[in-house]
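Student: The structure that follows is given in the form of structure tokens.
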Amino acid sequence: MRHSTFRSLAAALAGGVLLAATGVSAQTLTSLRLEPGSATVGQEIRITAQLETADKGGGINCGLRIVYGDGKSVDLRISKESDIPAVVRYTFTRPGTFTVSAEPKIVGITLPCSGKTQKQVISVSEAKPAAAAGTYGAAAGVAAAGAAAKGAAAPAPAAPAPAVSLPDATTCPWGWNLNRASINPRTGAFVCNGTPDSVAPTEKLTCAAPLVYFEQLTGAN
């Protein structure tokens with residue numbers, strides 16, 4: 001009889017401890033958001049773990065772990081209203097596809113937040129090197145100058161070209177600016193200027209004789 005009473009009392013105490021433990025965390029993890037949804041190596045992303053607070057008057061105190069999916073993680077203690085939502089920033093150092101997760105965890109002596117683990121997948125690609133600033137366009141006599149520099153015979157001068165249509169702002173590709181001072185109204189020759197962020201053109205201009213296409217890039221590219 002005494003043993004039976006002891007077991008009942010122990011069970012009641014265990015249940016009371018369990019209720020107390022589960023009742024401590026009134027914060028429930030509900031969602032995870034990554035901004036942007038895809039990134040490049042070295043680009044900072046914003047990770048937001050959203051929690052719902054059932055009763056702010058009961059206190060805010062729970063633990064959360066953010067796992068980046070590349071072998072690294074960070075533990076967070078949610079202890080005040082300004083900690084919700086939980087926001088961290090992270091930069092991946094290598095390309096790949098990573099599963100970022102927010103997991104309720106014990107942090108020190110702080111019990112885990114309520115709710116289930118939230119996950120989001122992010123694709124990280126290699127950063128594209130910025131094209132160096134430079135110029136490209138259509139010019140008369142470039143081919144002859146190049147041949148002369150190599151010791152080859154220069155081609156015979158071309159006959160005067162008829163009236164040509166002049167380039168406008170739409171002639172240069174996106175990211176490149178038409179240098180209006182370079183426009184030759186007689187031949188139609190012109191130059192497009194780039195910036196350190198400009199990407200080298202993938203399609204060559206088709207130039208009517210005596211104009212020829214040229215590029216003059218500086219830097220690594």
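Numbering starts fresh at 1 for the residues of each chain in the structure tokens, the chains themselves are lettered A, B, ... in the order given, and ligands are numbered from 1 as they appear.
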Would you mind listing what lies within 12 Å of A:Gly71 as an NGL selection string, with only C-alpha atoms counted and same-chain residues fewer than 6 positions away left out?
Tutor: :A and (92-94 or 98-101)
Student: From the options A:Tyr213, A:Gly188, A:Ser198, A:Thr28, which residue's atoms come nearest to A:Lys128, counting only C-alpha atoms?
Tutor: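 Among A:Tyr213, A:Gly188, A:Ser198, A:Thr28, it is A:Ser198 that comes nearest to A:Lys128.
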Student: Work out how far atom CA of A:Leu211 is from atom CA of A:Gly175, in Å to one decimal.
Tutor: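 Separation of atom CA of A:Gly175 and atom CA of A:Leu211: 23.1 Å.
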Student: Report the distance between atom CA of A:Ile47 and atom CA of A:Ser73 in Å, rounded to one decimal place.
Tutor: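 Separation between atom CA of A:Ile47 and atom CA of A:Ser73: 12.1 Å.
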Student: Would you list the contacts of A:Val41 as a list of chain:residue names, taking every protein, DNA or RNA residue within 12 Å and counting only C-alpha atoms, but skipping same-chain residues closer than 5 positions in sequence?
Tutor: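 So the residues in contact are A:Tyr90, A:Thr91, A:Phe92, A:Thr93, A:Arg94, A:Pro95, A:Gly96, A:Thr97, A:Ile122, A:Ser123, A:Val124, A:Ser125, A:Glu126, A:Ala127, A:Lys128, A:Pro129.
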Student: I need the residues of stretch 53-115 of chain A that end up classed as strand (DSSP E or B) by DSSP on the backbone, written out as a JSON list (two decimals) with N, CA and C atoms, in the first residue's frame.
Tutor:
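This went into out.json:
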```
[["chain", "number", "residue", "atom", "x", "y", "z"],
["A", 53, "THR", "N", 3.52, 34.90, -29.65],
["A", 53, "THR", "CA", 3.52, 34.97, -28.20],
["A", 53, "THR", "C", 2.08, 34.91, -27.71],
["A", 62, "CYS", "N", 12.84, 31.87, -24.11],
["A", 62, "CYS", "CA", 13.00, 30.55, -24.71],
["A", 62, "CYS", "C", 14.23, 30.55, -25.61],
["A", 63, "GLY", "N", 14.67, 29.35, -25.97],
["A", 63, "GLY", "CA", 15.89, 29.21, -26.77],
["A", 63, "GLY", "C", 15.61, 28.79, -28.20],
["A", 64, "LEU", "N", 16.47, 29.27, -29.11],
["A", 64, "LEU", "CA", 16.30, 28.99, -30.54],
["A", 64, "LEU", "C", 17.68, 28.84, -31.16],
["A", 65, "ARG", "N", 17.81, 27.91, -32.10],
["A", 65, "ARG", "CA", 19.07, 27.74, -32.82],
["A", 65, "ARG", "C", 18.83, 27.94, -34.32],
["A", 66, "ILE", "N", 19.66, 28.77, -34.94],
["A", 66, "ILE", "CA", 19.62, 28.97, -36.39],
["A", 66, "ILE", "C", 20.78, 28.16, -36.99],
["A", 67, "VAL", "N", 20.44, 27.20, -37.84],
["A", 67, "VAL", "CA", 21.43, 26.35, -38.49],
["A", 67, "VAL", "C", 21.53, 26.78, -39.95],
["A", 73, "SER", "N", 26.23, 27.36, -37.10],
["A", 73, "SER", "CA", 24.94, 27.69, -36.49],
["A", 73, "SER", "C", 25.15, 28.75, -35.42],
["A", 74, "VAL", "N", 24.05, 29.29, -34.92],
["A", 74, "VAL", "CA", 24.10, 30.27, -33.85],
["A", 74, "VAL", "C", 22.91, 30.04, -32.93],
["A", 75, "ASP", "N", 23.13, 30.14, -31.62],
["A", 75, "ASP", "CA", 22.07, 29.98, -30.63],
["A", 75, "ASP", "C", 21.56, 31.35, -30.20],
["A", 76, "LEU", "N", 20.25, 31.47, -30.08],
["A", 76, "LEU", "CA", 19.62, 32.73, -29.70],
["A", 76, "LEU", "C", 18.76, 32.52, -28.46],
["A", 77, "ARG", "N", 18.79, 33.48, -27.57],
["A", 77, "ARG", "CA", 17.90, 33.47, -26.42],
["A", 77, "ARG", "C", 16.84, 34.54, -26.63],
["A", 78, "ILE", "N", 15.60, 34.13, -26.71],
["A", 78, "ILE", "CA", 14.49, 35.06, -26.91],
["A", 78, "ILE", "C", 14.00, 35.46, -25.53],
["A", 86, "ALA", "N", 12.96, 36.88, -34.46],
["A", 86, "ALA", "CA", 14.40, 36.70, -34.32],
["A", 86, "ALA", "C", 15.04, 36.88, -35.70],
["A", 87, "VAL", "N", 15.97, 37.81, -35.81],
["A", 87, "VAL", "CA", 16.59, 38.13, -37.10],
["A", 87, "VAL", "C", 18.11, 38.01, -36.99],
["A", 88, "VAL", "N", 18.70, 37.28, -37.91],
["A", 88, "VAL", "CA", 20.16, 37.20, -38.01],
["A", 88, "VAL", "C", 20.55, 37.43, -39.46],
["A", 89, "ARG", "N", 21.76, 37.86, -39.67],
["A", 89, "ARG", "CA", 22.30, 38.07, -41.02],
["A", 89, "ARG", "C", 23.50, 37.15, -41.21],
["A", 90, "TYR", "N", 23.60, 36.62, -42.43],
["A", 90, "TYR", "CA", 24.66, 35.64, -42.67],
["A", 90, "TYR", "C", 25.17, 35.76, -44.10],
["A", 91, "THR", "N", 26.44, 35.41, -44.28],
["A", 91, "THR", "CA", 27.07, 35.44, -45.60],
["A", 91, "THR", "C", 27.71, 34.09, -45.86],
["A", 96, "GLY", "N", 26.64, 26.51, -53.38],
["A", 96, "GLY", "CA", 25.97, 25.25, -53.09],
["A", 96, "GLY", "C", 24.51, 25.48, -52.76],
["A", 97, "THR", "N", 23.83, 24.40, -52.43],
["A", 97, "THR", "CA", 22.44, 24.46, -51.99],
["A", 97, "THR", "C", 22.41, 24.10, -50.52],
["A", 98, "PHE", "N", 21.88, 25.01, -49.70],
["A", 98, "PHE", "CA", 21.94, 24.84, -48.26],
["A", 98, "PHE", "C", 20.52, 24.88, -47.66],
["A", 99, "THR", "N", 20.30, 24.05, -46.65],
["A", 99, "THR", "CA", 19.03, 24.05, -45.92],
["A", 99, "THR", "C", 19.22, 24.81, -44.62],
["A", 100, "VAL", "N", 18.62, 25.97, -44.54],
["A", 100, "VAL", "CA", 18.69, 26.80, -43.34],
["A", 100, "VAL", "C", 17.49, 26.44, -42.46],
["A", 101, "SER", "N", 17.72, 26.28, -41.17],
["A", 101, "SER", "CA", 16.62, 25.89, -40.29],
["A", 101, "SER", "C", 16.65, 26.68, -39.00],
["A", 102, "ALA", "N", 15.47, 26.85, -38.41],
["A", 102, "ALA", "CA", 15.30, 27.43, -37.08],
["A", 102, "ALA", "C", 14.76, 26.32, -36.20],
["A", 103, "GLU", "N", 15.48, 26.00, -35.13],
["A", 103, "GLU", "CA", 15.13, 24.85, -34.30],
["A", 103, "GLU", "C", 14.96, 25.27, -32.84],
["A", 104, "PRO", "N", 13.85, 24.91, -32.20],
["A", 104, "PRO", "CA", 13.72, 25.14, -30.75],
["A", 104, "PRO", "C", 14.81, 24.35, -30.02],
["A", 107, "VAL", "N", 19.08, 26.73, -24.63],
["A", 107, "VAL", "CA", 20.22, 27.63, -24.72],
["A", 107, "VAL", "C", 20.64, 27.97, -23.29],
["A", 110, "THR", "N", 18.02, 28.11, -20.51],
["A", 110, "THR", "CA", 16.74, 28.54, -21.08],
["A", 110, "THR", "C", 16.11, 27.40, -21.86],
["A", 112, "PRO", "N", 13.69, 25.39, -24.57],
["A", 112, "PRO", "CA", 13.46, 25.68, -25.99],
["A", 112, "PRO", "C", 12.11, 26.34, -26.24],
["A", 114, "SER", "N", 8.56, 26.83, -28.11],
["A", 114, "SER", "CA", 7.58, 25.84, -28.56],
["A", 114, "SER", "C", 7.55, 25.83, -30.09],
["A", 115, "GLY", "N", 6.85, 24.85, -30.64],
["A", 115, "GLY", "CA", 6.71, 24.78, -32.09],
["A", 115, "GLY", "C", 7.68, 23.81, -32.73]]
```
Student: Between atom CA of A:Pro173 and atom CA of A:Pro196, what is the spacing in Å?
Tutor: 14.9 Å
Student: For A:Arg186, which of A:Ala26, A:Leu166, A:Val121, A:Leu34 is the closest residue, counting only C-alpha atoms?
Tutor: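 So, comparing all the options, the nearest one is A:Leu166.
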